[in-house]
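What follows is upload31.cif (mmCIF, N, CA and C atoms).
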data_structure
#
loop_
_atom_site.label_atom_id
_atom_site.label_comp_id
_atom_site.auth_asym_id
_atom_site.auth_seq_id
_atom_site.Cartn_x
_atom_site.Cartn_y
_atom_site.Cartn_z
N MET A 1175 7.96 -53.67 61.65
CA MET A 1175 6.76 -54.29 62.14
C MET A 1175 6.43 -53.68 63.51
N VAL A 1176 5.19 -53.20 63.64
CA VAL A 1176 4.74 -52.56 64.87
C VAL A 1176 3.77 -53.50 65.57
N ILE A 1177 4.01 -53.75 66.82
CA ILE A 1177 3.13 -54.61 67.60
C ILE A 1177 2.09 -53.73 68.29
N GLN A 1178 0.84 -53.99 68.03
CA GLN A 1178 -0.25 -53.23 68.62
C GLN A 1178 -0.65 -53.85 69.95
N PRO A 1179 -0.91 -53.04 70.95
CA PRO A 1179 -1.38 -53.60 72.23
C PRO A 1179 -2.79 -54.16 72.07
N LEU A 1180 -3.10 -55.18 72.87
CA LEU A 1180 -4.42 -55.80 72.81
C LEU A 1180 -5.49 -54.91 73.43
N ARG A 1181 -5.10 -53.99 74.28
CA ARG A 1181 -6.07 -53.11 74.91
C ARG A 1181 -5.49 -51.71 74.97
N ARG A 1182 -6.35 -50.75 75.10
CA ARG A 1182 -5.88 -49.37 75.23
C ARG A 1182 -5.29 -49.16 76.61
N SER A 1183 -4.33 -48.27 76.69
CA SER A 1183 -3.71 -48.02 77.98
C SER A 1183 -4.74 -47.39 78.93
N GLY A 1184 -4.67 -47.78 80.17
CA GLY A 1184 -5.61 -47.27 81.16
C GLY A 1184 -6.79 -48.19 81.39
N GLN A 1185 -7.05 -49.12 80.48
CA GLN A 1185 -8.15 -50.07 80.66
C GLN A 1185 -7.63 -51.35 81.31
N PRO A 1186 -8.28 -51.81 82.36
CA PRO A 1186 -7.82 -53.06 82.99
C PRO A 1186 -8.20 -54.27 82.13
N ALA A 1187 -7.40 -55.27 82.19
CA ALA A 1187 -7.71 -56.53 81.50
C ALA A 1187 -8.57 -57.35 82.45
N TRP A 1188 -9.88 -57.24 82.31
CA TRP A 1188 -10.81 -57.87 83.25
C TRP A 1188 -10.67 -59.37 83.30
N ALA A 1189 -10.45 -59.99 82.16
CA ALA A 1189 -10.31 -61.45 82.16
C ALA A 1189 -9.07 -61.87 82.95
N ALA A 1190 -7.97 -61.14 82.77
CA ALA A 1190 -6.74 -61.48 83.50
C ALA A 1190 -6.92 -61.24 85.00
N LEU A 1191 -7.61 -60.18 85.36
CA LEU A 1191 -7.87 -59.91 86.77
C LEU A 1191 -8.77 -60.99 87.38
N ALA A 1192 -9.79 -61.40 86.65
CA ALA A 1192 -10.68 -62.45 87.16
C ALA A 1192 -9.94 -63.76 87.32
N LEU A 1193 -9.11 -64.11 86.35
CA LEU A 1193 -8.33 -65.35 86.45
C LEU A 1193 -7.36 -65.29 87.61
N GLY A 1194 -6.71 -64.14 87.81
CA GLY A 1194 -5.81 -63.98 88.94
C GLY A 1194 -6.54 -64.11 90.27
N ALA A 1195 -7.71 -63.50 90.37
CA ALA A 1195 -8.51 -63.61 91.60
C ALA A 1195 -8.94 -65.05 91.84
N LEU A 1196 -9.29 -65.76 90.77
CA LEU A 1196 -9.69 -67.17 90.91
C LEU A 1196 -8.52 -68.02 91.40
N VAL A 1197 -7.34 -67.78 90.88
CA VAL A 1197 -6.16 -68.54 91.31
C VAL A 1197 -5.84 -68.25 92.77
N VAL A 1198 -5.93 -66.99 93.18
CA VAL A 1198 -5.66 -66.63 94.58
C VAL A 1198 -6.69 -67.27 95.50
N ALA A 1199 -7.98 -67.24 95.10
CA ALA A 1199 -9.03 -67.85 95.92
C ALA A 1199 -8.83 -69.36 96.02
N LEU A 1200 -8.49 -70.00 94.90
CA LEU A 1200 -8.25 -71.44 94.93
C LEU A 1200 -7.06 -71.78 95.82
N ALA A 1201 -6.00 -70.99 95.74
CA ALA A 1201 -4.84 -71.23 96.60
C ALA A 1201 -5.21 -71.08 98.07
N ALA A 1202 -6.01 -70.07 98.40
CA ALA A 1202 -6.42 -69.86 99.79
C ALA A 1202 -7.27 -71.02 100.29
N VAL A 1203 -8.15 -71.53 99.43
CA VAL A 1203 -8.99 -72.67 99.82
C VAL A 1203 -8.12 -73.92 100.01
N LEU A 1204 -7.17 -74.13 99.12
CA LEU A 1204 -6.32 -75.32 99.22
C LEU A 1204 -5.41 -75.28 100.44
N ILE A 1205 -5.09 -74.10 100.93
CA ILE A 1205 -4.24 -74.00 102.12
C ILE A 1205 -4.97 -74.51 103.35
N VAL A 1206 -6.27 -74.22 103.47
CA VAL A 1206 -7.00 -74.59 104.68
C VAL A 1206 -7.61 -75.98 104.61
N LEU A 1207 -7.69 -76.58 103.43
CA LEU A 1207 -8.27 -77.92 103.30
C LEU A 1207 -7.26 -78.99 103.65
N PRO A 1208 -7.74 -80.15 104.09
CA PRO A 1208 -6.83 -81.28 104.27
C PRO A 1208 -6.23 -81.67 102.91
N PRO A 1209 -5.01 -82.19 102.90
CA PRO A 1209 -4.34 -82.47 101.63
C PRO A 1209 -5.11 -83.42 100.71
N LEU A 1210 -5.70 -84.47 101.26
CA LEU A 1210 -6.42 -85.42 100.43
C LEU A 1210 -7.65 -84.77 99.79
N PHE A 1211 -8.37 -83.96 100.56
CA PHE A 1211 -9.55 -83.28 100.02
C PHE A 1211 -9.14 -82.24 98.97
N GLY A 1212 -8.04 -81.54 99.21
CA GLY A 1212 -7.54 -80.57 98.23
C GLY A 1212 -7.13 -81.24 96.93
N ALA A 1213 -6.47 -82.40 97.04
CA ALA A 1213 -6.08 -83.14 95.84
C ALA A 1213 -7.31 -83.63 95.08
N ALA A 1214 -8.32 -84.08 95.81
CA ALA A 1214 -9.57 -84.51 95.16
C ALA A 1214 -10.25 -83.33 94.48
N LEU A 1215 -10.22 -82.16 95.10
CA LEU A 1215 -10.82 -80.97 94.51
C LEU A 1215 -10.11 -80.56 93.22
N VAL A 1216 -8.80 -80.55 93.24
CA VAL A 1216 -8.04 -80.19 92.04
C VAL A 1216 -8.23 -81.24 90.95
N GLY A 1217 -8.18 -82.52 91.32
CA GLY A 1217 -8.40 -83.58 90.33
C GLY A 1217 -9.80 -83.54 89.75
N GLY A 1218 -10.78 -83.30 90.59
CA GLY A 1218 -12.16 -83.20 90.11
C GLY A 1218 -12.35 -82.02 89.18
N ALA A 1219 -11.73 -80.89 89.50
CA ALA A 1219 -11.82 -79.72 88.62
C ALA A 1219 -11.15 -79.99 87.28
N ALA A 1220 -10.02 -80.71 87.30
CA ALA A 1220 -9.34 -81.05 86.04
C ALA A 1220 -10.21 -81.99 85.20
N LEU A 1221 -10.80 -83.00 85.85
CA LEU A 1221 -11.68 -83.92 85.11
C LEU A 1221 -12.92 -83.21 84.57
N ALA A 1222 -13.49 -82.31 85.36
CA ALA A 1222 -14.66 -81.56 84.90
C ALA A 1222 -14.31 -80.69 83.70
N THR A 1223 -13.13 -80.10 83.71
CA THR A 1223 -12.70 -79.29 82.57
C THR A 1223 -12.53 -80.16 81.33
N ILE A 1224 -11.94 -81.34 81.49
CA ILE A 1224 -11.77 -82.25 80.35
C ILE A 1224 -13.12 -82.67 79.79
N VAL A 1225 -14.07 -83.00 80.67
CA VAL A 1225 -15.39 -83.44 80.20
C VAL A 1225 -16.14 -82.31 79.52
N LEU A 1226 -15.99 -81.08 80.04
CA LEU A 1226 -16.67 -79.95 79.40
C LEU A 1226 -16.08 -79.64 78.02
N ILE A 1227 -14.79 -79.88 77.85
CA ILE A 1227 -14.16 -79.63 76.56
C ILE A 1227 -14.42 -80.78 75.59
N ARG A 1228 -14.32 -82.00 76.05
CA ARG A 1228 -14.52 -83.19 75.22
C ARG A 1228 -15.58 -84.10 75.87
N PRO A 1229 -16.86 -83.93 75.51
CA PRO A 1229 -17.93 -84.70 76.16
C PRO A 1229 -17.77 -86.21 76.03
N LEU A 1230 -17.15 -86.69 74.97
CA LEU A 1230 -16.98 -88.13 74.79
C LEU A 1230 -16.15 -88.75 75.91
N TRP A 1231 -15.20 -88.00 76.44
CA TRP A 1231 -14.40 -88.51 77.55
C TRP A 1231 -15.24 -88.76 78.79
N GLY A 1232 -16.32 -88.03 78.93
CA GLY A 1232 -17.21 -88.24 80.06
C GLY A 1232 -17.82 -89.63 80.05
N PHE A 1233 -18.15 -90.12 78.85
CA PHE A 1233 -18.71 -91.47 78.75
C PHE A 1233 -17.66 -92.52 79.11
N TYR A 1234 -16.42 -92.30 78.72
CA TYR A 1234 -15.35 -93.22 79.10
C TYR A 1234 -15.14 -93.21 80.61
N LEU A 1235 -15.14 -92.00 81.19
CA LEU A 1235 -14.94 -91.90 82.63
C LEU A 1235 -16.11 -92.49 83.40
N LEU A 1236 -17.31 -92.45 82.83
CA LEU A 1236 -18.46 -93.09 83.48
C LEU A 1236 -18.22 -94.58 83.68
N LEU A 1237 -17.68 -95.23 82.67
CA LEU A 1237 -17.38 -96.67 82.78
C LEU A 1237 -16.36 -96.94 83.88
N LEU A 1238 -15.37 -96.06 83.97
CA LEU A 1238 -14.33 -96.25 84.99
C LEU A 1238 -14.82 -95.89 86.39
N SER A 1239 -15.86 -95.06 86.49
CA SER A 1239 -16.31 -94.62 87.81
C SER A 1239 -17.24 -95.63 88.49
N ILE A 1240 -17.78 -96.56 87.77
CA ILE A 1240 -18.76 -97.48 88.36
C ILE A 1240 -18.19 -98.30 89.51
N PRO A 1241 -17.00 -98.88 89.40
CA PRO A 1241 -16.49 -99.68 90.53
C PRO A 1241 -16.21 -98.86 91.80
N VAL A 1242 -15.94 -97.56 91.67
CA VAL A 1242 -15.58 -96.75 92.83
C VAL A 1242 -16.64 -95.71 93.15
N GLN A 1243 -17.86 -95.91 92.67
CA GLN A 1243 -18.88 -94.87 92.83
C GLN A 1243 -19.31 -94.64 94.27
N ASP A 1244 -19.18 -95.61 95.13
CA ASP A 1244 -19.64 -95.45 96.51
C ASP A 1244 -18.62 -94.78 97.42
N ILE A 1245 -17.42 -94.55 96.94
CA ILE A 1245 -16.40 -93.88 97.74
C ILE A 1245 -16.78 -92.41 97.86
N GLY A 1246 -16.99 -91.95 99.05
CA GLY A 1246 -17.35 -90.56 99.29
C GLY A 1246 -18.79 -90.21 98.93
N ALA A 1247 -19.64 -91.21 98.77
CA ALA A 1247 -21.03 -90.95 98.39
C ALA A 1247 -21.79 -90.29 99.54
N LYS A 1248 -22.65 -89.37 99.19
CA LYS A 1248 -23.52 -88.70 100.15
C LYS A 1248 -24.95 -89.01 99.77
N GLY A 1249 -25.50 -90.09 100.30
CA GLY A 1249 -26.86 -90.50 99.96
C GLY A 1249 -26.92 -90.99 98.52
N GLU A 1250 -27.75 -90.33 97.73
CA GLU A 1250 -27.88 -90.70 96.32
C GLU A 1250 -26.83 -90.05 95.43
N LEU A 1251 -26.08 -89.09 95.97
CA LEU A 1251 -25.08 -88.40 95.18
C LEU A 1251 -23.78 -89.21 95.20
N THR A 1252 -23.59 -89.99 94.15
CA THR A 1252 -22.37 -90.79 94.02
C THR A 1252 -21.50 -90.16 92.95
N LEU A 1253 -20.29 -90.65 92.85
CA LEU A 1253 -19.37 -90.17 91.83
C LEU A 1253 -19.94 -90.40 90.43
N THR A 1254 -20.55 -91.55 90.21
CA THR A 1254 -21.11 -91.86 88.90
C THR A 1254 -22.28 -90.94 88.57
N ASN A 1255 -23.15 -90.67 89.54
CA ASN A 1255 -24.28 -89.76 89.29
C ASN A 1255 -23.79 -88.35 88.97
N ALA A 1256 -22.81 -87.86 89.72
CA ALA A 1256 -22.28 -86.52 89.45
C ALA A 1256 -21.61 -86.46 88.08
N LEU A 1257 -20.85 -87.49 87.75
CA LEU A 1257 -20.19 -87.52 86.45
C LEU A 1257 -21.20 -87.65 85.32
N PHE A 1258 -22.29 -88.38 85.54
CA PHE A 1258 -23.33 -88.48 84.52
C PHE A 1258 -23.98 -87.12 84.28
N GLY A 1259 -24.28 -86.40 85.35
CA GLY A 1259 -24.88 -85.07 85.21
C GLY A 1259 -23.95 -84.12 84.46
N LEU A 1260 -22.67 -84.15 84.79
CA LEU A 1260 -21.69 -83.31 84.11
C LEU A 1260 -21.56 -83.69 82.64
N THR A 1261 -21.54 -84.99 82.35
CA THR A 1261 -21.42 -85.45 80.97
C THR A 1261 -22.66 -85.07 80.16
N LEU A 1262 -23.83 -85.23 80.76
CA LEU A 1262 -25.07 -84.85 80.07
C LEU A 1262 -25.09 -83.35 79.78
N LEU A 1263 -24.72 -82.54 80.76
CA LEU A 1263 -24.66 -81.09 80.56
C LEU A 1263 -23.65 -80.74 79.47
N SER A 1264 -22.49 -81.36 79.51
CA SER A 1264 -21.45 -81.11 78.52
C SER A 1264 -21.91 -81.51 77.12
N TRP A 1265 -22.58 -82.64 77.01
CA TRP A 1265 -23.06 -83.10 75.71
C TRP A 1265 -24.14 -82.17 75.17
N LEU A 1266 -25.05 -81.72 76.05
CA LEU A 1266 -26.10 -80.79 75.61
C LEU A 1266 -25.50 -79.46 75.16
N LEU A 1267 -24.50 -78.96 75.88
CA LEU A 1267 -23.84 -77.73 75.46
C LEU A 1267 -23.12 -77.92 74.13
N TYR A 1268 -22.49 -79.07 73.95
CA TYR A 1268 -21.82 -79.36 72.69
C TYR A 1268 -22.81 -79.39 71.53
N ARG A 1269 -23.96 -80.05 71.77
CA ARG A 1269 -24.98 -80.14 70.71
C ARG A 1269 -25.58 -78.77 70.41
N ALA A 1270 -25.72 -77.94 71.42
CA ALA A 1270 -26.29 -76.61 71.20
C ALA A 1270 -25.33 -75.70 70.43
N THR A 1271 -24.04 -75.92 70.60
CA THR A 1271 -23.06 -75.07 69.91
C THR A 1271 -22.64 -75.63 68.56
N ASN A 1272 -23.03 -76.85 68.23
CA ASN A 1272 -22.72 -77.45 66.93
C ASN A 1272 -24.01 -77.86 66.25
N PRO A 1273 -24.73 -76.91 65.68
CA PRO A 1273 -26.04 -77.23 65.10
C PRO A 1273 -25.96 -78.01 63.78
N ARG A 1274 -24.76 -78.24 63.27
CA ARG A 1274 -24.65 -79.00 62.01
C ARG A 1274 -25.16 -80.42 62.17
N ARG A 1275 -24.90 -81.00 63.30
CA ARG A 1275 -25.35 -82.38 63.54
C ARG A 1275 -26.73 -82.34 64.15
N ARG A 1276 -27.64 -83.07 63.56
CA ARG A 1276 -29.00 -83.09 64.04
C ARG A 1276 -29.19 -84.22 65.04
N LEU A 1277 -30.04 -83.96 66.02
CA LEU A 1277 -30.38 -84.99 66.99
C LEU A 1277 -31.35 -85.98 66.37
N PRO A 1278 -31.24 -87.25 66.73
CA PRO A 1278 -32.25 -88.20 66.25
C PRO A 1278 -33.61 -87.85 66.85
N ARG A 1279 -34.63 -87.98 66.05
CA ARG A 1279 -35.98 -87.61 66.50
C ARG A 1279 -36.85 -88.84 66.63
N SER A 1280 -37.72 -88.81 67.63
CA SER A 1280 -38.69 -89.88 67.81
C SER A 1280 -39.95 -89.28 68.41
N ALA A 1281 -41.03 -90.03 68.38
CA ALA A 1281 -42.29 -89.54 68.93
C ALA A 1281 -42.27 -89.56 70.46
N VAL A 1282 -41.41 -90.38 71.04
CA VAL A 1282 -41.37 -90.51 72.50
C VAL A 1282 -40.60 -89.36 73.15
N GLY A 1283 -39.64 -88.79 72.45
CA GLY A 1283 -38.79 -87.74 73.02
C GLY A 1283 -39.53 -86.55 73.59
N PRO A 1284 -40.40 -85.89 72.82
CA PRO A 1284 -41.12 -84.74 73.38
C PRO A 1284 -42.03 -85.11 74.55
N VAL A 1285 -42.66 -86.28 74.48
CA VAL A 1285 -43.54 -86.70 75.58
C VAL A 1285 -42.71 -86.94 76.84
N PHE A 1286 -41.55 -87.55 76.69
CA PHE A 1286 -40.67 -87.79 77.84
C PHE A 1286 -40.19 -86.47 78.43
N CYS A 1287 -39.87 -85.50 77.58
CA CYS A 1287 -39.43 -84.19 78.07
C CYS A 1287 -40.53 -83.50 78.87
N VAL A 1288 -41.78 -83.61 78.41
CA VAL A 1288 -42.90 -83.04 79.16
C VAL A 1288 -43.05 -83.75 80.50
N PHE A 1289 -42.88 -85.07 80.52
CA PHE A 1289 -42.96 -85.84 81.76
C PHE A 1289 -41.88 -85.41 82.75
N VAL A 1290 -40.64 -85.27 82.28
CA VAL A 1290 -39.54 -84.87 83.16
C VAL A 1290 -39.75 -83.43 83.64
N ALA A 1291 -40.28 -82.57 82.78
CA ALA A 1291 -40.58 -81.20 83.21
C ALA A 1291 -41.64 -81.19 84.30
N GLY A 1292 -42.64 -82.06 84.17
CA GLY A 1292 -43.66 -82.18 85.22
C GLY A 1292 -43.08 -82.66 86.53
N LEU A 1293 -42.16 -83.63 86.45
CA LEU A 1293 -41.49 -84.09 87.67
C LEU A 1293 -40.67 -82.98 88.30
N ALA A 1294 -40.00 -82.20 87.47
CA ALA A 1294 -39.19 -81.09 88.00
C ALA A 1294 -40.07 -80.05 88.66
N LEU A 1295 -41.23 -79.76 88.06
CA LEU A 1295 -42.14 -78.79 88.67
C LEU A 1295 -42.71 -79.31 90.00
N SER A 1296 -42.89 -80.62 90.10
CA SER A 1296 -43.44 -81.17 91.34
C SER A 1296 -42.45 -81.07 92.49
N MET A 1297 -41.18 -80.82 92.20
CA MET A 1297 -40.19 -80.67 93.26
C MET A 1297 -40.42 -79.40 94.08
N VAL A 1298 -41.21 -78.47 93.53
CA VAL A 1298 -41.48 -77.23 94.25
C VAL A 1298 -42.21 -77.50 95.56
N VAL A 1299 -43.08 -78.51 95.57
CA VAL A 1299 -43.87 -78.80 96.77
C VAL A 1299 -43.31 -79.99 97.56
N ALA A 1300 -42.16 -80.50 97.16
CA ALA A 1300 -41.58 -81.64 97.86
C ALA A 1300 -41.12 -81.23 99.25
N ARG A 1301 -41.33 -82.11 100.21
CA ARG A 1301 -40.91 -81.81 101.59
C ARG A 1301 -39.40 -81.96 101.75
N GLU A 1302 -38.84 -82.95 101.05
CA GLU A 1302 -37.39 -83.15 101.08
C GLU A 1302 -36.89 -83.21 99.65
N LEU A 1303 -35.94 -82.35 99.33
CA LEU A 1303 -35.47 -82.24 97.96
C LEU A 1303 -34.49 -83.36 97.58
N GLY A 1304 -33.81 -83.94 98.55
CA GLY A 1304 -32.84 -84.99 98.25
C GLY A 1304 -33.46 -86.18 97.53
N PRO A 1305 -34.47 -86.84 98.11
CA PRO A 1305 -35.09 -87.97 97.42
C PRO A 1305 -35.82 -87.55 96.13
N ALA A 1306 -36.39 -86.34 96.11
CA ALA A 1306 -37.08 -85.88 94.90
C ALA A 1306 -36.08 -85.69 93.76
N PHE A 1307 -34.94 -85.09 94.08
CA PHE A 1307 -33.91 -84.91 93.06
C PHE A 1307 -33.36 -86.25 92.59
N ALA A 1308 -33.19 -87.20 93.51
CA ALA A 1308 -32.69 -88.53 93.14
C ALA A 1308 -33.66 -89.23 92.20
N ALA A 1309 -34.95 -89.13 92.46
CA ALA A 1309 -35.95 -89.76 91.58
C ALA A 1309 -35.95 -89.10 90.21
N LEU A 1310 -35.88 -87.79 90.18
CA LEU A 1310 -35.81 -87.08 88.91
C LEU A 1310 -34.57 -87.48 88.12
N PHE A 1311 -33.47 -87.58 88.81
CA PHE A 1311 -32.20 -87.94 88.17
C PHE A 1311 -32.27 -89.37 87.59
N GLN A 1312 -32.93 -90.28 88.31
CA GLN A 1312 -33.08 -91.64 87.80
C GLN A 1312 -33.89 -91.66 86.50
N TRP A 1313 -34.92 -90.84 86.43
CA TRP A 1313 -35.71 -90.77 85.19
C TRP A 1313 -34.89 -90.20 84.05
N VAL A 1314 -34.11 -89.17 84.34
CA VAL A 1314 -33.29 -88.57 83.27
C VAL A 1314 -32.23 -89.57 82.80
N LYS A 1315 -31.67 -90.34 83.73
CA LYS A 1315 -30.67 -91.35 83.34
C LYS A 1315 -31.27 -92.45 82.49
N SER A 1316 -32.58 -92.66 82.58
CA SER A 1316 -33.19 -93.77 81.83
C SER A 1316 -33.32 -93.45 80.33
N LEU A 1317 -32.96 -92.24 79.94
CA LEU A 1317 -32.97 -91.92 78.52
C LEU A 1317 -32.12 -92.92 77.81
#
Represent the structure contained in this file as structure tokens.
Amino acid sequence: MVIQPLRRSGQPAWAALALGALVVALAAVLIVLPPLFGAALVGGAALATIVLIRPLWGFYLLLLSIPVQDIGAKGELTLTNALFGLTLLSWLLYRATNPRRRLPRSAVGPVFCVFVAGLALSMVVARELGPAFAALFQWVKSL
């Protein structure tokens, strides 16, 4: 039995190099950060990875995040809002990659999408993006 190499000799393994660079960069960032912030960063990255792989877990974590959503909040950006955005993105990516399951259709859906698109376009002329983004996010959450 002959084992074939995964790549030809002389070619760098770009994925392995990128992963190594990412690990070195993360280690460098964690060295200079306070320990509590570093632990929160690593825990948040782990939770984000879990939600991106299994979108249903994002909905479970949303329920658990409600009592502690104001811890570390920056204005309208709370833990629950960030987790909702990540869960919505993860679910949309899951639906886009699994076309076997069809989305439920209604007459209100396309009209609501046009409305949200109009709100997003109006952010171009907003004087402050923070409140504009918060209002847009509230509309998207009302789905």
So that I can check the secondary structure, give me every residue of chain A assigned helix (DSSP H, G or I) by backbone DSSP, as a PyMOL selection string.
chain A and resi 1188-1206+1209-1227+1229-1242+1253-1271+1282-1299+1303-1315
Quick one: residues within 5 Å of (-23.0, -93.6, 95.5) (file frame), counting all atoms listed in the file, please, as a tab-separated table (two decimals) with N, CA and C atoms, in the coordinates of the input.
chain	number	residue	atom	x	y	z
A	1243	GLN	N	-17.86	-95.91	92.67
A	1243	GLN	CA	-18.88	-94.87	92.83
A	1243	GLN	C	-19.31	-94.64	94.27
A	1244	ASP	N	-19.18	-95.61	95.13
A	1244	ASP	CA	-19.64	-95.45	96.51
A	1244	ASP	C	-18.62	-94.78	97.42
A	1247	ALA	N	-19.64	-91.21	98.77
A	1247	ALA	CA	-21.03	-90.95	98.39
A	1247	ALA	C	-21.79	-90.29	99.54
A	1251	LEU	N	-26.08	-89.09	95.97
A	1251	LEU	CA	-25.08	-88.40	95.18
A	1251	LEU	C	-23.78	-89.21	95.20
A	1252	THR	N	-23.59	-89.99	94.15
A	1252	THR	CA	-22.37	-90.79	94.02
A	1252	THR	C	-21.50	-90.16	92.95
A	1253	LEU	N	-20.29	-90.65	92.85
A	1253	LEU	CA	-19.37	-90.17	91.83
A	1253	LEU	C	-19.94	-90.40	90.43
Report the closest atom pair, with its distance in Å rounded to one decimal, for each residue of segment 1230-1252 of chain A that has an atom no farther than 8 Å from segment 1219-1224 of chain A; count all atoms listed in the file, sort by chain and then rising residue number, and write it as CSV.
residue,atom,partner,partner_atom,distance
A:Leu1230,N,A:Ile1224,C,7.5
A:Trp1231,CA,A:Ile1224,C,6.4
A:Gly1232,N,A:Ile1224,C,6.3
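Distances to Leu1262 of chain A were evaluated for A:Phe1211, A:Phe1233, A:Trp1313, A:Phe1307 using only C-alpha atoms, and the minimum falls at A:Phe1233.
Distances to Val1225 of chain A were evaluated for A:Leu1260, A:Val1203, A:Leu1293, A:Leu1191 using only N, CA and C atoms, and the minimum falls at A:Leu1260.
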Give me the residues near Gly1249 of chain A as a PyMOL selection string, where near means some atom within 10 Å (using only C-alpha atoms) and where sequence neighbours in that chain fewer than 6 positions away do not count.
chain A and resi 1304-1305+1308
By how many Å are atom CA of Ser1239 of chain A and atom CA of Leu1257 of chain A apart?
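About the pair atom CA of Ser1239 of chain A and atom CA of Leu1257 of chain A: they are 8.2 Å apart.
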A straight line from atom C of Asn1272 of chain A to atom C of Lys1315 of chain A spans 23.0 Å
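Between atom CA of Leu1310 of chain A and atom CA of Leu1263 of chain A lies a distance of 15.2 Å.
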Starting from the displayed file, determine the output of the PyMOL selection byres (((chain A and resi 1290 and name CA) around 12) and name CA) and express the residue list as a list of chain:residue names.
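Applying the expression gives A:Gly1283, A:Pro1284, A:Val1285, A:Phe1286, A:Cys1287, A:Val1288, A:Phe1289, A:Ala1291, A:Gly1292, A:Leu1293, A:Ala1294, A:Leu1295, A:Ser1296, A:Met1297, A:Phe1307, A:Ala1309, A:Leu1310, A:Phe1311, A:Gln1312, A:Trp1313, A:Val1314, A:Lys1315, A:Ser1316, A:Leu1317.
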N, CA and C atoms of the current selection, written as a tab-separated table (two decimals), in the frame of the given file:
chain	number	residue	atom	x	y	z
A	1283	GLY	N	-39.64	-88.79	72.45
A	1283	GLY	CA	-38.79	-87.74	73.02
A	1283	GLY	C	-39.53	-86.55	73.59
A	1284	PRO	N	-40.40	-85.89	72.82
A	1284	PRO	CA	-41.12	-84.74	73.38
A	1284	PRO	C	-42.03	-85.11	74.55
A	1285	VAL	N	-42.66	-86.28	74.48
A	1285	VAL	CA	-43.54	-86.70	75.58
A	1285	VAL	C	-42.71	-86.94	76.84
A	1286	PHE	N	-41.55	-87.55	76.69
A	1286	PHE	CA	-40.67	-87.79	77.84
A	1286	PHE	C	-40.19	-86.47	78.43
A	1287	CYS	N	-39.87	-85.50	77.58
A	1287	CYS	CA	-39.43	-84.19	78.07
A	1287	CYS	C	-40.53	-83.50	78.87
A	1288	VAL	N	-41.78	-83.61	78.41
A	1288	VAL	CA	-42.90	-83.04	79.16
A	1288	VAL	C	-43.05	-83.75	80.50
A	1289	PHE	N	-42.88	-85.07	80.52
A	1289	PHE	CA	-42.96	-85.84	81.76
A	1289	PHE	C	-41.88	-85.41	82.75
A	1291	ALA	N	-40.28	-82.57	82.78
A	1291	ALA	CA	-40.58	-81.20	83.21
A	1291	ALA	C	-41.64	-81.19	84.30
A	1292	GLY	N	-42.64	-82.06	84.17
A	1292	GLY	CA	-43.66	-82.18	85.22
A	1292	GLY	C	-43.08	-82.66	86.53
A	1293	LEU	N	-42.16	-83.63	86.45
A	1293	LEU	CA	-41.49	-84.09	87.67
A	1293	LEU	C	-40.67	-82.98	88.30
A	1294	ALA	N	-40.00	-82.20	87.47
A	1294	ALA	CA	-39.19	-81.09	88.00
A	1294	ALA	C	-40.07	-80.05	88.66
A	1295	LEU	N	-41.23	-79.76	88.06
A	1295	LEU	CA	-42.14	-78.79	88.67
A	1295	LEU	C	-42.71	-79.31	90.00
A	1296	SER	N	-42.89	-80.62	90.10
A	1296	SER	CA	-43.44	-81.17	91.34
A	1296	SER	C	-42.45	-81.07	92.49
A	1297	MET	N	-41.18	-80.82	92.20
A	1297	MET	CA	-40.19	-80.67	93.26
A	1297	MET	C	-40.42	-79.40	94.08
A	1307	PHE	N	-34.94	-85.09	94.08
A	1307	PHE	CA	-33.91	-84.91	93.06
A	1307	PHE	C	-33.36	-86.25	92.59
A	1309	ALA	N	-34.95	-89.13	92.46
A	1309	ALA	CA	-35.95	-89.76	91.58
A	1309	ALA	C	-35.95	-89.10	90.21
A	1310	LEU	N	-35.88	-87.79	90.18
A	1310	LEU	CA	-35.81	-87.08	88.91
A	1310	LEU	C	-34.57	-87.48	88.12
A	1311	PHE	N	-33.47	-87.58	88.81
A	1311	PHE	CA	-32.20	-87.94	88.17
A	1311	PHE	C	-32.27	-89.37	87.59
A	1312	GLN	N	-32.93	-90.28	88.31
A	1312	GLN	CA	-33.08	-91.64	87.80
A	1312	GLN	C	-33.89	-91.66	86.50
A	1313	TRP	N	-34.92	-90.84	86.43
A	1313	TRP	CA	-35.71	-90.77	85.19
A	1313	TRP	C	-34.89	-90.20	84.05
A	1314	VAL	N	-34.11	-89.17	84.34
A	1314	VAL	CA	-33.29	-88.57	83.27
A	1314	VAL	C	-32.23	-89.57	82.80
A	1315	LYS	N	-31.67	-90.34	83.73
A	1315	LYS	CA	-30.67	-91.35	83.34
A	1315	LYS	C	-31.27	-92.45	82.49
A	1316	SER	N	-32.58	-92.66	82.58
A	1316	SER	CA	-33.19	-93.77	81.83
A	1316	SER	C	-33.32	-93.45	80.33
A	1317	LEU	N	-32.96	-92.24	79.94
A	1317	LEU	CA	-32.97	-91.92	78.52
A	1317	LEU	C	-32.12	-92.92	77.81
If we count only C-alpha atoms and set the cut-off at 12 Å, which residues sit around segment 1192-1201 of chain A, ignoring sequence neighbours fewer than 2 positions away in its own chain? Please answer as a list in words.
Pro1186, Ala1187, Trp1188, Ala1189, Ala1190, Val1203, Leu1204, Ile1205, Val1206, Leu1207, Gly1212, Ala1213, Leu1215, Val1216 and Ala1219 of chain A
